[in-house]
file entry.cif (mmCIF, C-alpha atoms)
data_work
loop_
_atom_site.label_atom_id
_atom_site.label_comp_id
_atom_site.auth_asym_id
_atom_site.auth_seq_id
_atom_site.Cartn_x
_atom_site.Cartn_y
_atom_site.Cartn_z
CA MET P 2 154.76 236.09 -65.22
CA LYS P 3 155.56 232.36 -65.42
CA PRO P 4 158.10 230.84 -63.02
CA PRO P 5 161.37 229.72 -64.51
CA PRO P 6 161.52 226.13 -65.76
CA LYS P 7 163.99 225.19 -63.01
CA ALA P 8 161.51 226.38 -60.31
CA ARG P 9 158.67 224.30 -61.79
CA ALA P 10 160.93 221.30 -62.00
CA SER P 11 161.96 221.68 -58.37
CA ALA P 12 158.31 222.09 -57.23
CA ASP P 13 157.09 218.91 -58.92
CA PRO P 14 159.12 216.49 -56.74
CA ARG P 15 157.75 218.17 -53.58
CA ARG P 16 154.21 217.83 -54.85
CA LEU P 17 154.81 214.21 -55.77
CA ALA P 18 156.27 213.50 -52.34
CA LEU P 19 153.26 215.15 -50.67
CA ARG P 20 150.86 213.09 -52.78
CA ARG P 21 152.76 209.92 -51.93
CA ARG P 22 152.55 210.70 -48.22
CA ARG P 23 148.83 211.38 -48.46
CA LEU P 24 148.27 208.20 -50.44
CA LEU P 25 150.36 206.21 -47.97
CA GLY P 26 148.41 207.71 -45.05
CA ALA P 27 145.11 206.85 -46.75
CA LEU P 28 146.27 203.26 -47.30
CA PHE P 29 147.20 202.91 -43.63
CA ALA P 30 143.89 204.45 -42.53
CA LEU P 31 141.80 202.36 -44.94
CA PRO P 32 141.52 199.23 -42.71
CA ALA P 33 140.47 201.37 -39.75
CA LEU P 34 137.96 203.26 -41.92
CA LEU P 35 136.51 200.00 -43.24
CA LEU P 36 136.22 198.64 -39.71
CA LEU P 37 134.64 201.89 -38.52
CA GLY P 38 132.18 201.81 -41.38
CA ALA P 39 131.24 198.18 -40.72
CA LEU P 40 130.89 198.52 -36.94
CA VAL P 41 129.60 202.08 -36.58
CA VAL P 42 128.37 203.76 -39.76
CA TYR P 43 126.44 200.80 -41.20
CA PRO P 44 124.63 199.92 -37.91
CA VAL P 45 123.66 203.57 -37.44
CA LEU P 46 122.26 203.88 -40.96
CA PHE P 47 120.52 200.52 -40.69
CA SER P 48 118.94 201.49 -37.34
CA VAL P 49 117.68 204.76 -38.80
CA GLY P 50 116.11 202.91 -41.73
CA ARG P 51 114.71 200.13 -39.50
CA SER P 52 113.06 202.68 -37.22
CA LEU P 53 110.79 203.69 -40.11
CA PHE P 54 109.21 200.21 -40.37
CA ASP P 55 106.83 198.22 -38.19
CA ALA P 56 107.71 195.39 -35.80
CA SER P 57 107.91 192.81 -38.56
CA GLY P 58 109.97 195.07 -40.83
CA ASP P 59 107.64 194.59 -43.78
CA ARG P 60 105.47 197.73 -43.63
CA PHE P 61 106.75 201.28 -43.85
CA VAL P 62 105.27 203.37 -41.01
CA GLY P 63 107.34 206.54 -41.23
CA ALA P 64 107.60 208.41 -37.95
CA ALA P 65 104.95 206.28 -36.22
CA ASN P 66 107.55 204.57 -34.03
CA TYR P 67 108.87 207.93 -32.85
CA VAL P 68 105.33 209.06 -32.01
CA GLU P 69 104.62 205.80 -30.18
CA MET P 70 107.90 206.16 -28.31
CA PHE P 71 106.67 209.29 -26.57
CA ARG P 72 103.21 207.87 -25.92
CA ASP P 73 104.43 204.74 -24.16
CA PRO P 74 104.43 205.27 -20.34
CA ALA P 75 107.29 202.80 -19.88
CA THR P 76 109.44 204.67 -22.40
CA LEU P 77 108.65 208.02 -20.78
CA LYS P 78 109.68 206.51 -17.45
CA ALA P 79 112.97 205.38 -19.02
CA VAL P 80 113.53 208.92 -20.36
CA ARG P 81 112.86 210.32 -16.90
CA ASN P 82 115.28 207.86 -15.28
CA SER P 83 117.94 208.67 -17.89
CA ALA P 84 117.51 212.36 -17.06
CA VAL P 85 118.01 211.56 -13.36
CA TRP P 86 121.17 209.64 -14.23
CA VAL P 87 122.54 212.50 -16.37
CA VAL P 88 121.85 215.13 -13.71
CA VAL P 89 122.88 213.21 -10.59
CA ALA P 90 125.65 210.71 -11.39
CA PRO P 91 128.15 212.93 -13.29
CA ALA P 92 127.70 215.82 -10.83
CA LEU P 93 128.26 213.56 -7.81
CA LEU P 94 131.23 211.81 -9.38
CA THR P 95 132.87 215.07 -10.39
CA GLY P 96 132.35 216.56 -6.93
CA ILE P 97 133.52 213.45 -5.08
CA GLY P 98 136.51 213.07 -7.38
CA LEU P 99 137.49 216.71 -6.81
CA VAL P 100 137.28 216.42 -3.03
CA LEU P 101 139.20 213.13 -2.95
CA ALA P 102 141.86 214.45 -5.34
CA VAL P 103 142.45 217.48 -3.10
CA LEU P 104 142.49 215.41 0.09
CA THR P 105 144.86 212.76 -1.24
CA GLU P 106 147.48 215.45 -1.86
CA ARG P 107 147.74 215.90 1.90
CA ILE P 108 148.24 212.29 3.00
CA ARG P 109 151.42 210.25 2.95
CA TRP P 110 149.84 207.10 1.57
CA ALA P 111 148.11 208.84 -1.35
CA THR P 112 149.29 206.28 -3.92
CA ALA P 113 147.85 203.33 -2.00
CA PHE P 114 144.60 205.24 -1.42
CA LYS P 115 144.24 206.02 -5.13
CA LEU P 116 145.01 202.41 -6.01
CA VAL P 117 142.27 201.12 -3.70
CA LEU P 118 139.71 203.57 -5.11
CA PHE P 119 140.70 202.80 -8.68
CA LEU P 120 140.47 199.00 -8.26
CA PRO P 121 136.69 198.85 -8.99
CA MET P 122 137.47 200.07 -12.51
CA ALA P 123 139.02 196.64 -13.10
CA VAL P 124 135.67 194.99 -12.27
CA SER P 125 133.21 194.57 -15.11
CA PHE P 126 129.77 196.13 -14.81
CA LEU P 127 128.28 192.63 -14.81
CA ALA P 128 130.38 191.57 -11.82
CA ALA P 129 129.73 194.89 -10.05
CA GLY P 130 126.00 194.42 -10.64
CA ILE P 131 126.06 190.95 -9.08
CA ILE P 132 128.04 192.24 -6.09
CA PHE P 133 125.58 195.04 -5.42
CA ARG P 134 122.52 192.89 -6.13
CA LEU P 135 123.64 190.69 -3.24
CA SER P 136 124.70 193.65 -1.08
CA TYR P 137 121.26 195.29 -1.49
CA GLU P 138 119.32 192.18 -0.37
CA GLN P 139 116.74 193.18 2.24
CA ASP P 140 117.41 190.14 4.43
CA PRO P 141 120.15 191.32 6.84
CA ASP P 142 121.56 187.79 6.91
CA ARG P 143 122.33 188.07 3.17
CA GLY P 144 122.64 191.77 2.34
CA VAL P 145 125.69 193.39 3.93
CA ILE P 146 124.30 196.93 3.57
CA ASN P 147 121.12 196.11 5.44
CA ALA P 148 123.15 194.18 8.01
CA VAL P 149 124.97 197.43 8.80
CA VAL P 150 121.72 199.44 8.77
CA VAL P 151 120.02 196.98 11.12
CA GLY P 152 123.05 196.94 13.42
CA VAL P 153 123.02 200.73 13.71
CA HIS P 154 119.24 200.80 14.18
CA ASP P 155 119.28 198.16 16.92
CA ALA P 156 122.11 200.01 18.69
CA PHE P 157 119.75 202.95 19.29
CA GLU P 158 116.40 201.17 19.48
CA GLU P 159 115.97 197.94 21.39
CA PRO P 160 114.31 195.25 19.24
CA ALA P 161 111.20 193.46 20.43
CA PRO P 162 112.11 190.59 22.77
CA TYR P 163 109.69 188.02 21.31
CA PRO P 164 108.68 188.87 17.73
CA THR P 165 107.21 185.42 17.01
CA ALA P 166 105.31 185.01 20.29
CA ARG P 167 101.55 185.04 20.71
CA ALA P 168 99.25 184.50 23.68
CA ARG P 169 97.86 181.05 24.32
CA PRO P 170 94.29 181.06 22.90
CA SER P 171 92.09 181.16 26.00
CA GLU P 172 89.64 183.31 27.89
CA ALA P 173 92.49 184.86 29.91
CA LEU P 174 94.08 186.91 27.10
CA THR P 175 92.47 188.25 23.94
CA GLY P 176 93.91 190.35 21.12
CA SER P 177 96.61 190.02 18.46
CA PRO P 178 100.37 190.63 18.16
CA GLY P 179 99.72 193.90 16.34
CA ASP P 180 97.37 195.26 19.03
CA GLY P 181 98.70 193.49 22.12
CA TYR P 182 96.96 191.01 24.40
CA THR P 183 94.67 192.10 27.23
CA THR P 184 92.77 190.39 30.03
CA ALA P 185 89.09 191.16 30.49
CA PRO P 186 88.50 194.57 32.17
CA GLY P 187 88.06 194.44 35.92
CA THR P 188 89.04 190.78 36.31
CA VAL P 189 92.33 191.40 38.11
CA ARG P 190 92.46 192.76 41.66
CA PRO P 191 95.30 193.40 44.13
CA GLY P 192 96.06 190.36 46.23
CA THR P 193 95.67 187.97 43.31
CA GLY P 194 98.25 186.20 41.17
CA VAL P 195 97.80 186.03 37.43
CA LEU P 196 99.19 183.57 34.90
CA LEU P 197 99.78 184.88 31.38
CA PRO P 198 100.65 181.90 29.12
CA VAL P 199 102.51 182.60 25.86
CA VAL P 200 103.38 180.26 22.97
CA GLY P 201 105.17 180.59 19.64
CA VAL P 202 108.67 181.05 21.07
CA ALA P 203 111.19 178.49 19.86
CA PRO P 204 113.21 176.91 22.69
CA GLY P 205 116.39 178.34 21.15
CA ALA P 206 114.89 181.85 21.16
CA VAL P 207 114.31 181.89 24.91
CA PRO P 208 117.01 184.05 26.57
CA ALA P 209 119.84 182.14 28.21
CA THR P 210 119.08 183.92 31.50
CA ALA P 211 115.53 182.52 31.65
CA LEU P 212 114.77 180.47 34.77
CA ALA P 213 112.03 177.97 35.46
CA ALA P 214 108.71 179.76 35.70
CA ARG P 215 107.09 179.90 39.11
CA ALA P 216 103.52 180.64 40.07
CA PRO P 217 103.02 184.09 41.59
CA ALA P 218 102.47 184.35 45.31
CA PRO P 219 99.38 186.45 46.06
CA GLU P 220 100.14 189.54 48.14
CA PRO P 221 97.45 191.65 49.79
CA ASP P 222 98.99 195.00 48.87
CA GLY P 223 100.23 194.18 45.38
CA LEU P 224 99.27 192.70 42.05
CA SER P 225 101.62 190.01 40.77
CA GLY P 226 101.78 187.49 37.97
CA THR P 227 103.95 185.40 35.68
CA VAL P 228 104.47 185.46 31.91
CA TYR P 229 105.79 182.09 30.81
CA LEU P 230 106.26 179.87 27.78
CA ASP P 231 103.34 177.45 28.03
CA PHE P 232 105.09 174.65 26.22
CA THR P 233 106.74 171.49 27.56
CA PRO P 234 109.22 169.79 25.18
CA GLY P 235 108.11 166.22 24.51
CA SER P 236 104.73 165.50 26.04
CA GLY P 237 102.86 165.65 29.31
CA GLY P 238 102.44 169.41 29.61
CA ARG P 239 99.16 170.98 30.65
CA GLN P 240 97.77 174.12 29.08
CA GLY P 241 97.31 177.10 31.37
CA VAL P 242 99.34 175.53 34.17
CA ILE P 243 103.03 176.06 34.93
CA ASP P 244 104.79 172.73 34.50
CA PRO P 245 108.28 172.07 35.94
CA ALA P 246 110.02 172.14 32.56
CA GLU P 247 108.45 175.44 31.42
CA LYS P 248 110.49 178.65 31.40
CA GLY P 249 109.60 182.20 32.35
CA LEU P 250 109.97 184.90 29.69
CA PRO P 251 112.24 187.66 31.01
CA GLY P 252 112.14 191.20 29.62
CA MET P 253 108.42 191.15 28.76
CA THR P 254 106.60 194.46 29.35
CA VAL P 255 103.30 194.24 31.25
CA GLU P 256 100.89 197.15 31.69
CA ALA P 257 98.14 197.58 34.28
CA LEU P 258 94.99 199.30 32.95
CA ARG P 259 92.08 200.91 34.72
CA GLY P 260 89.31 202.52 32.77
CA GLY P 261 91.30 201.97 29.57
CA GLU P 262 94.27 204.04 30.85
CA VAL P 263 97.71 202.74 31.78
CA VAL P 264 98.26 203.15 35.53
CA GLY P 265 101.37 201.01 35.92
CA THR P 266 104.13 199.30 33.95
CA ALA P 267 106.34 196.38 34.97
CA THR P 268 108.99 194.21 33.34
CA THR P 269 109.23 190.47 33.95
CA GLY P 270 112.24 189.00 35.72
CA ASP P 271 114.28 185.96 34.75
CA ASP P 272 111.55 183.63 35.99
CA GLY P 273 108.83 185.58 34.16
CA SER P 274 107.39 187.11 37.32
CA PHE P 275 106.23 190.73 37.62
CA ARG P 276 104.68 192.85 40.36
CA PHE P 277 102.75 196.12 40.63
CA ASP P 278 102.81 198.04 43.92
CA GLY P 279 100.79 201.02 45.01
CA LEU P 280 97.82 200.49 42.70
CA GLY P 281 95.27 200.92 45.49
CA SER P 282 92.18 198.88 46.05
CA GLY P 283 91.16 199.37 42.45
CA ASP P 284 87.42 199.74 42.59
CA GLY P 285 86.15 197.85 39.62
CA GLY P 286 89.42 195.98 39.27
CA TYR P 287 92.20 196.20 36.69
CA ALA P 288 93.12 194.68 33.35
CA LEU P 289 96.60 193.50 32.37
CA ARG P 290 98.03 194.01 28.91
CA LEU P 291 101.01 192.61 27.04
CA PRO P 292 101.60 195.56 24.65
CA ALA P 293 102.33 195.08 20.96
CA ALA P 294 105.92 196.28 21.46
CA ASN P 295 106.69 192.85 22.91
CA PHE P 296 105.77 191.18 19.62
CA ALA P 297 106.86 193.72 16.99
CA ALA P 298 108.56 192.25 13.94
CA PRO P 299 112.31 192.88 13.88
CA TYR P 300 113.63 195.77 11.82
CA ASN P 301 114.85 194.33 8.53
CA GLY P 302 116.48 197.41 7.05
CA VAL P 303 115.68 199.39 3.92
CA ASN P 304 114.09 197.98 0.79
CA TRP P 305 116.87 199.28 -1.47
CA LEU P 306 115.54 197.47 -4.52
CA GLY P 307 111.95 198.62 -4.09
CA PRO P 308 110.25 200.87 -6.67
CA SER P 309 111.15 204.13 -4.91
CA LEU P 310 114.85 203.47 -4.21
CA VAL P 311 116.02 201.17 -7.00
CA THR P 312 117.37 203.96 -9.24
CA PRO P 313 119.32 205.72 -6.44
CA ALA P 314 120.65 202.32 -5.36
CA ILE P 315 121.95 201.55 -8.86
CA ILE P 316 123.48 205.03 -9.10
CA GLY P 317 125.28 204.23 -5.85
CA ALA P 318 126.79 201.14 -7.46
CA TYR P 319 127.84 203.24 -10.45
CA LEU P 320 129.58 205.72 -8.13
CA TRP P 321 131.53 202.87 -6.55
CA VAL P 322 132.86 201.81 -9.94
CA TRP P 323 133.72 205.25 -11.38
CA THR P 324 134.91 207.27 -8.38
CA GLY P 325 138.51 206.15 -8.94
CA PHE P 326 138.42 207.28 -12.57
CA SER P 327 137.17 210.73 -11.63
CA MET P 328 139.65 211.12 -8.78
CA VAL P 329 142.70 210.06 -10.82
CA LEU P 330 141.83 212.29 -13.79
CA ILE P 331 141.18 215.33 -11.60
CA GLY P 332 144.29 214.52 -9.56
CA ALA P 333 146.39 214.65 -12.74
CA GLY P 334 144.98 218.11 -13.49
CA LEU P 335 145.60 219.17 -9.91
CA ALA P 336 149.25 218.14 -10.16
CA ALA P 337 149.67 220.49 -13.16
CA ILE P 338 148.53 223.58 -11.24
CA PRO P 339 151.49 225.94 -10.63
CA ARG P 340 152.48 225.70 -6.98
CA ASP P 341 153.73 229.27 -7.02
CA THR P 342 150.15 230.50 -7.41
CA LEU P 343 148.96 228.54 -4.39
CA GLU P 344 151.92 229.60 -2.25
CA ALA P 345 151.44 233.24 -3.22
CA ALA P 346 147.80 233.05 -2.13
CA ARG P 347 148.82 231.54 1.22
CA VAL P 348 151.42 234.27 1.74
CA ASP P 349 148.73 236.89 1.05
CA GLY P 350 146.67 235.39 3.87
CA ALA P 351 144.10 233.38 1.92
CA SER P 352 142.53 230.50 3.82
CA GLU P 353 142.51 226.97 2.42
CA ARG P 354 138.80 227.29 1.67
CA GLN P 355 139.38 230.50 -0.29
CA ILE P 356 142.27 228.90 -2.19
CA PHE P 357 140.06 225.95 -3.07
CA ARG P 358 137.10 228.06 -4.22
CA ARG P 359 138.89 230.90 -6.00
CA ILE P 360 142.09 229.32 -7.32
CA THR P 361 142.00 225.51 -7.41
CA VAL P 362 138.50 225.09 -8.85
CA PRO P 363 138.83 227.82 -11.54
CA LEU P 364 142.20 226.43 -12.68
CA LEU P 365 140.72 222.92 -12.79
CA ALA P 366 137.63 224.02 -14.74
CA PRO P 367 138.80 222.54 -18.08
CA VAL P 368 139.58 219.18 -16.46
CA LEU P 369 136.31 219.17 -14.51
CA THR P 370 134.41 219.92 -17.71
CA VAL P 371 136.06 217.04 -19.56
CA VAL P 372 135.37 214.64 -16.67
CA PHE P 373 131.75 215.77 -16.38
CA VAL P 374 131.00 215.51 -20.12
CA THR P 375 132.76 212.13 -20.37
CA LEU P 376 130.62 210.81 -17.53
CA VAL P 377 127.47 212.22 -19.14
CA ILE P 378 128.25 210.23 -22.29
CA ASN P 379 128.91 207.15 -20.19
CA VAL P 380 125.73 207.30 -18.11
CA MET P 381 123.60 207.77 -21.22
CA LYS P 382 124.73 204.31 -22.30
CA VAL P 383 124.55 202.55 -18.92
CA PHE P 384 122.94 199.14 -19.29
CA ASP P 385 124.65 196.34 -17.35
CA LEU P 386 124.15 197.68 -13.84
CA VAL P 387 120.47 198.47 -14.39
CA TYR P 388 119.72 195.14 -16.01
CA VAL P 389 121.56 193.05 -13.38
CA ILE P 390 120.69 194.88 -10.15
CA ALA P 391 117.01 195.70 -10.67
CA PRO P 392 114.74 192.72 -9.79
CA GLY P 393 112.18 191.64 -12.35
CA PRO P 394 109.12 193.15 -10.61
CA VAL P 395 110.71 196.63 -10.51
CA GLN P 396 112.70 196.45 -13.74
CA GLU P 397 110.40 198.94 -15.42
CA GLU P 398 110.85 201.39 -12.53
CA ALA P 399 114.63 201.33 -13.05
CA ASP P 400 114.73 201.26 -16.86
CA VAL P 401 116.89 203.74 -18.74
CA LEU P 402 116.91 204.24 -22.51
CA ALA P 403 119.52 201.55 -23.14
CA THR P 404 117.68 198.85 -21.16
CA ARG P 405 114.34 199.91 -22.61
CA MET P 406 115.76 199.65 -26.11
CA TRP P 407 117.01 196.13 -25.43
CA LEU P 408 113.80 194.97 -23.75
CA VAL P 409 111.62 196.34 -26.56
CA SER P 410 113.78 194.79 -29.27
CA PHE P 411 114.96 191.46 -27.80
CA GLY P 412 113.75 191.11 -24.20
CA GLY P 413 110.23 189.99 -25.01
CA GLY P 414 108.89 192.96 -26.95
CA ASN P 415 110.13 191.71 -30.34
CA ASP P 416 109.55 195.15 -31.87
CA GLN P 417 112.79 196.07 -33.63
CA GLY P 418 111.09 199.06 -35.23
CA LEU P 419 110.38 200.76 -31.90
CA GLY P 420 113.69 199.52 -30.53
CA SER P 421 115.55 201.12 -33.43
CA ALA P 422 113.72 204.39 -32.81
CA LEU P 423 114.91 204.27 -29.21
CA ALA P 424 118.45 203.61 -30.42
CA VAL P 425 118.28 206.64 -32.71
CA LEU P 426 116.99 208.77 -29.83
CA LEU P 427 119.86 207.60 -27.65
CA LEU P 428 122.34 208.43 -30.40
CA LEU P 429 120.89 211.92 -30.85
CA LEU P 430 121.21 212.54 -27.11
CA VAL P 431 124.82 211.33 -26.93
CA VAL P 432 126.18 213.05 -30.06
CA PRO P 433 126.10 216.66 -28.71
CA ALA P 434 128.13 215.66 -25.66
CA MET P 435 130.62 213.79 -27.88
CA VAL P 436 130.99 216.80 -30.20
CA PHE P 437 131.56 219.07 -27.20
CA ASN P 438 134.25 216.75 -25.84
CA ILE P 439 136.02 216.48 -29.21
CA ARG P 440 136.08 220.26 -29.59
CA ARG P 441 137.45 220.59 -26.08
CA PHE P 442 140.23 218.10 -26.83
CA ARG P 443 141.14 219.94 -30.03
CA LYS P 444 141.16 223.27 -28.23
CA ASP P 445 143.40 221.90 -25.48
CA GLY P 446 145.68 220.31 -28.06
CA ALA P 447 145.97 223.62 -29.94
#
call {"tool": "encode", "arguments": {"input": "entry.cif", "output": "structure tokens"}}
result
Amino acid sequence: MKPPPKARASADPRRLALRRRRLLGALFALPALLLLGALVVYPVLFSVGRSLFDASGDRFVGAANYVEMFRDPATLKAVRNSAVWVVVAPALLTGIGLVLAVLTERIRWATAFKLVLFLPMAVSFLAAGIIFRLSYEQDPDRGVINAVVVGVHDAFEEPAPYPTARARPSEALTGSPGDGYTTAPGTVRPGTGVLLPVVGVAPGAVPATALAARAPAPEPDGLSGTVYLDFTPGSGGRQGVIDPAEKGLPGMTVEALRGGEVVGTATTGDDGSFRFDGLGSGDGGYALRLPAANFAAPYNGVNWLGPSLVTPAIIGAYLWVWTGFSMVLIGAGLAAIPRDTLEAARVDGASERQIFRRITVPLLAPVLTVVFVTLVINVMKVFDLVYVIAPGPVQEEADVLATRMWLVSFGGGNDQGLGSALAVLLLLLVVPAMVFNIRRFRKDGA
């Protein structure tokens, strides 16, 4: 049965209005769609097509670039590093952000704390990379992280007193800084004084407490000697003889040996003198040794940018930048949790740990999922930090897919075919996480 003419007439204006609105919406969206097509769709399609050609772009090779991609050891290493990034960085950031978000609810200056942690987000990855490249320097005088590590190490383990010193080349002492210096076996007997000349110590490196060296006084019931810096500033000094201007070396460890075993240990005083008592007559005599601990090189910290630690070090820089983002986002979700639920749990006798595990975390699960997936997408595309922080010799050890793609295409490889294949692989890895996030946003919006 046909509708009355008046009903059809009244429906037509509504349809026309709906069409006008759709047309108007399409016109407004057209510039954005054109821009999206030019900046996203066209490059993606071009990269897919380019990945099917050789390095020059003249010869069609089909899937050869994709096969080569998984045969190249450097590319496989980049895939492995990307997997480490995806597994470690988002999980750490989500966990740290959750803990900080919960803790900041209990402090009075929470806003200032959040502001300080969020400030690194205002720093570009390039600037952050330069900051951490300098901070990770192995020289403690330049790298602040190793300066702290060395300070802590030296607080528990005394550094060697004279790392640059070495024995004066002579018949008296033989050896090397790594093995220590020793007199000839059986040449030292109680009642004698021994001179142990040392060189290689800069005048400024001699301790301020050092006094003028003095020759040991022989004692019938003891074995004594002097360790001194056999160097006279200017000229006129004599080798193997204590001159008036020469200083003793305090704090030097001296060992007495008999039959290859240590039978006594002494430490030099401010004038470089030392003494052993109670050694006995020493049939066959003794030998004196300046052990290698006196000359050990100073502890210079950790080689953060070495092959084994460069990826964890760069992930540490990434955590510094993104911790504030994770904390603020999770904190916003935490603020939306009904307080009545938490108070009811406390009234029922639940501990704070139980509330956190069984109420807070389950209620925050949607927010934690969004944060985690967003960070997964972000770490898949990380480029700046890896490229800036990793030194040239270990760049390949730190490569991820994004840096490998750039290096193969423009950083000396000049193979846009293989580089495009890497770009397509990266896109295929990122798309599932993006689709998951979009569906989550739509579900939350609904």
call {"tool": "closest_residue", "arguments": {"input": "entry.cif", "among": "P:Leu280, P:Ala56, P:Ala90, P:Ala102", "to": "P:Phe114", "atoms": "only C-alpha atoms"}}
result
P:Ala102
call {"tool": "closest_residue", "arguments": {"input": "entry.cif", "among": "P:Asn438, P:Asn82, P:Gln240, P:Ser57", "to": "P:Thr404", "atoms": "all atoms listed in the file"}}
result
P:Asn82
call {"tool": "axis_aligned_box", "arguments": {"input": "entry.cif", "around": "stretch 267-283 of chain P", "padding_each_side": "5 Å", "output": "lines of an AutoDock Vina configuration file"}}
result
center_x = 102.7
center_y = 192.3
center_z = 39.7
size_x = 33.1
size_y = 27.4
size_z = 22.7
call {"tool": "residues_around", "arguments": {"input": "entry.cif", "residues": "P:Phe126", "least_positions_apart": "6", "cutoff": "12 Å", "atoms": "only C-alpha atoms", "output": "ChimeraX atom specification"}}
result
/P:132-134,315,318-323,383-390
call {"tool": "atom_distance", "arguments": {"input": "entry.cif", "atom1": "atom CA of P:Gly152", "atom2": "atom CA of P:Gly302"}}
result
9.2 Å
call {"tool": "atom_distance", "arguments": {"input": "entry.cif", "atom1": "atom CA of P:Ala123", "atom2": "atom CA of P:Ala333"}}
result
19.5 Å
call {"tool": "atom_distance", "arguments": {"input": "entry.cif", "atom1": "atom CA of P:Leu343", "atom2": "atom CA of P:Trp110"}}
result
22.3 Å
